[in-house]
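> The structure is given below, and queries will be raised subsequently.
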Amino acid sequence: MPHINLKNDLPGIRSAMAYSPKTAAPMGVLAEILLRSNKGLAPAERELIGMYVSYLNDCFYCHHSHGEIACIYLDGDRELVEQVRKDYNKAPIPDKLKSLLAIAAKVQQGGKFVTAEDVERARENGATDMDIHDAVLIAAAFCMFNRYVDGLATTAPTDMSSYPLRAKQVAENGYGSHIYTARQPA
Amino acid sequence: MAYINVEEGIPGIRSLVLFRPETGKPLYDLAQVLLRGSSPLSEAERELIAAYVSHRNDCMFCMSSHAAAARCLYGEEKNLVDEVLQDMQLSNISDKMKALLNIARKVQVLGKEVTPEDIVAAKIGGADDREIHDTVLIAASFSMFNRYVDGLASFTPTDPAVYEEMGKRMVKGYTLPQQTNTVS
């Protein structure tokens with residue numbers, strides 16, 4: 001049960017955002033740009049970073065939600081999502097994404113954990129300043145989203161078949177106000 | 001020097017949002033609505049939560065600037081800010097704020113650290129659902145802002161006078177800085 005009365009039956013971050021639409025509005029805009037921009041990193045790469053940071057933050061709802069959204073962008077390759085989560089260094093993904101995931105994992109621990117060497121390695125693997133910026137901000141933003149979700153003890157569906165259904169909604173309609181206004185798929 | 005090519009001499013988050021205004025806009029909008037919008041918590045209390053979380057995240061830029069804003073807003077009671085940063089439990093802040101700062105401290109570690117007992121303590125102290133919500137989201141958002149600022153090694157001024165000026169400006173609100181062709 002959530003720590004406070006959120007006055008709705010939506011799961012996860014959707015319930016917290018529906019409770020507080022004024023603060024939700026900029027968060028929805030932020031998620032839309034960070035996770036669906038085609039500038040530099042692909043949406044699949046962005047979602048993988050979000051999934052991985054959520055996993056490290058032990059946030060069940062965000063980890064599974066963003067894992068499923070990544071899966072849609074990867075044409076249903078759930079195995080790849082799982083490989084990234086377990087050990088991204090061994091996953092069949094580009095070195096650039098591996099070095100950005102390494103930076104994201106440092107950000108998850110704390111901003112100061114990121115070293116000049118981490119950034120240098122990402123650059124050697126082809127990351128641009130914009131890619132590095134976005135990887136850091138996606139990781140930082142999930143350190144917010146995850147804490148918002150779990151800090152209020154929002155409910156996470158335990159029926160795992162609900163996550164792909166909701167992921168399909170996000171892939172089709174995006175974030176923004178859809179996060180807290182769309183009906184939960186049955 | 002920052003890890004990415006941002007304008008020299010522009011401190012902290014300002015340099016980062018000028019690099020990427022598309023994401024900068026919702027970040028500043030969030031700060032504005034959370035710290036200046038309507039809330040049963042005063043602006044001073046909200047800035048204090050922000051400074052306290054930034055302090056625990058060891059983010060010198062955010063801690064110094066939001067502490068400066070909180071001191072301005074607390075006015076004659078500005079000593080409370082330094083007391084809380086030094087030792088929250090021993091400070092002269094209200095019991096309600098102690099309970100809310102305790103929740104913020106838990107959120108800073110991780111969302112799941114917040115227990116039903118922490119919530120009960122805040123309610124006994126007189127906090128309502130909205131105040132608990134706002135505290136959790138301020139603590140969560142500063143867990144983002146702090147990581148953004150330090151994760152890209154943005155420029156952190158060390159002169160306290162710089163932060164005093166910054167604090168005065170922040171009291172007026174958060175609006176996205178505009179790109180200029182001259183280094184200000």
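Following the order of the structure tokens, first chain is A, next is B, and so on, with residues numbered from 1 inside each chain and ligands from 1 in the order they appear.
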Using backbone DSSP assignments, extract all helix (DSSP H, G or I) residues from stretch 30-123 of chain B; output them as a VMD selection string.

chain B and resid 30 to 36 43 to 56 60 to 77 79 to 87 95 to 109 111 to 113 116 to 123

> Taking only C-alpha atoms into account, which residues of chain A are within 9 Å of chain B, as a compact mmCIF listing (two decimals) with C-alpha atoms, in the first residue's frame?


# COMPACT_ATOMS: atom_id res chain seq x y z
CA HIS A 3 2.63 5.53 2.15
CA ILE A 4 0.07 8.27 1.44
CA ASN A 5 -3.42 8.32 -0.09
CA LEU A 6 -2.72 8.93 -3.78
CA ALA A 16 2.24 9.61 -7.95
CA SER A 20 0.37 15.75 -8.39
CA LYS A 22 1.57 20.18 -11.61
CA THR A 23 4.90 18.58 -10.74
CA ALA A 24 4.20 15.71 -13.15
CA ALA A 25 3.98 17.99 -16.18
CA PRO A 26 7.70 18.89 -16.43
CA MET A 27 8.68 15.33 -15.46
CA GLY A 28 6.61 14.01 -18.37
CA VAL A 29 8.23 16.47 -20.77
CA LEU A 30 11.67 15.49 -19.49
CA ILE A 33 12.81 14.21 -24.62
CA LEU A 34 15.30 12.01 -22.77
CA ASN A 57 18.28 1.09 -7.81
CA ASP A 58 16.23 -2.04 -7.12
CA CYS A 59 13.09 -0.36 -8.45
CA ILE A 103 29.02 5.93 -16.92
CA LYS A 106 28.71 5.38 -11.87
CA VAL A 107 26.08 8.13 -11.87
CA GLN A 108 23.73 5.73 -10.07
CA GLN A 109 26.25 5.56 -7.21
CA GLY A 110 26.80 9.32 -7.18
CA GLY A 111 27.83 12.02 -9.65
CA LYS A 112 31.39 12.19 -8.37
CA PHE A 113 32.01 8.53 -9.18
CA VAL A 114 32.25 9.38 -12.90
CA THR A 115 35.92 9.82 -13.83
CA ALA A 116 37.65 11.58 -16.71
CA VAL A 119 34.35 9.80 -20.28
CA GLU A 120 37.52 9.37 -22.35
CA THR A 128 29.67 12.58 -28.67
CA ASP A 129 29.29 15.24 -25.99
CA MET A 130 25.53 15.02 -26.52
CA ILE A 132 27.57 11.60 -22.80
CA HIS A 133 25.29 14.40 -21.61
CA VAL A 136 24.37 11.12 -17.51
CA LEU A 137 21.02 12.89 -17.42
CA ALA A 139 20.85 7.95 -15.30
CA ALA A 140 20.33 10.94 -13.00
CA ALA A 141 16.64 11.23 -13.95
CA PHE A 142 16.06 7.58 -13.13
CA CYS A 143 17.65 8.16 -9.74
CA MET A 144 14.76 10.60 -9.30
CA PHE A 145 11.97 8.52 -10.88
CA ASN A 146 13.00 5.38 -8.95
CA ARG A 147 13.08 7.24 -5.63
CA TYR A 148 9.72 8.88 -6.32
CA VAL A 149 8.16 5.48 -7.08
CA ASP A 150 9.61 3.60 -4.10
CA GLY A 151 9.83 6.50 -1.66
CA LEU A 152 6.02 6.70 -1.74
CA ALA A 153 5.70 2.89 -1.89

> Using atom CA of A:Ile138 and atom CA of A:Gly50 as the two end points, give the distance in Å to one decimal.

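Distance between the two atoms: 6.4 Å.
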
> May I ask which of the residues A:Gln83, A:Ser99, A:Ser54, A:Ser37 is the closest one to A:Cys71, counting only C-alpha atoms?

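Closest residue, counting only C-alpha atoms: A:Gln83.
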
> Name all residues at most 9 Å from B:His55 (count only C-alpha atoms; drop same-chain ones fewer than 5 positions away) and give them as number ranges by chain.

B: 50, 60, 62-64, 85

> Find the distance between atom CA of A:Asp95 and atom CA of A:Asn125 and write it in Å to one decimal.

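About the pair atom CA of A:Asp95 and atom CA of A:Asn125: they are 6.0 Å apart.
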
> Just to confirm, what's the straight-line distance from atom CA of A:Phe60 to atom CA of A:Arg36 in Å (one decimal)?

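Going from atom CA of A:Phe60 over to atom CA of A:Arg36, I get 21.7 Å.
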
> May I have the residues within 12 Å of B:Lys172 as a list in words, using only C-alpha atoms and disregarding those fewer than 4 positions away in the same chain?

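My reading of the contact set: Gln32, Leu35, Arg36, Gly37, Glu43, Ala69, Cys72, Leu73, Glu165, Met166, Gly167 and Lys168 of chain B.
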
> Using only C-alpha atoms, which of A:Arg121, A:Arg46, A:Gly40, A:His66 sits nearest A:Arg78?

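Ranked by minimum distance to A:Arg78, first place goes to A:His66.
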
> Using only C-alpha atoms, find the one residue out of B:Glu77, B:Glu164, B:Glu131, B:Asp159 that sits nearest to B:Arg46.

B:Glu131
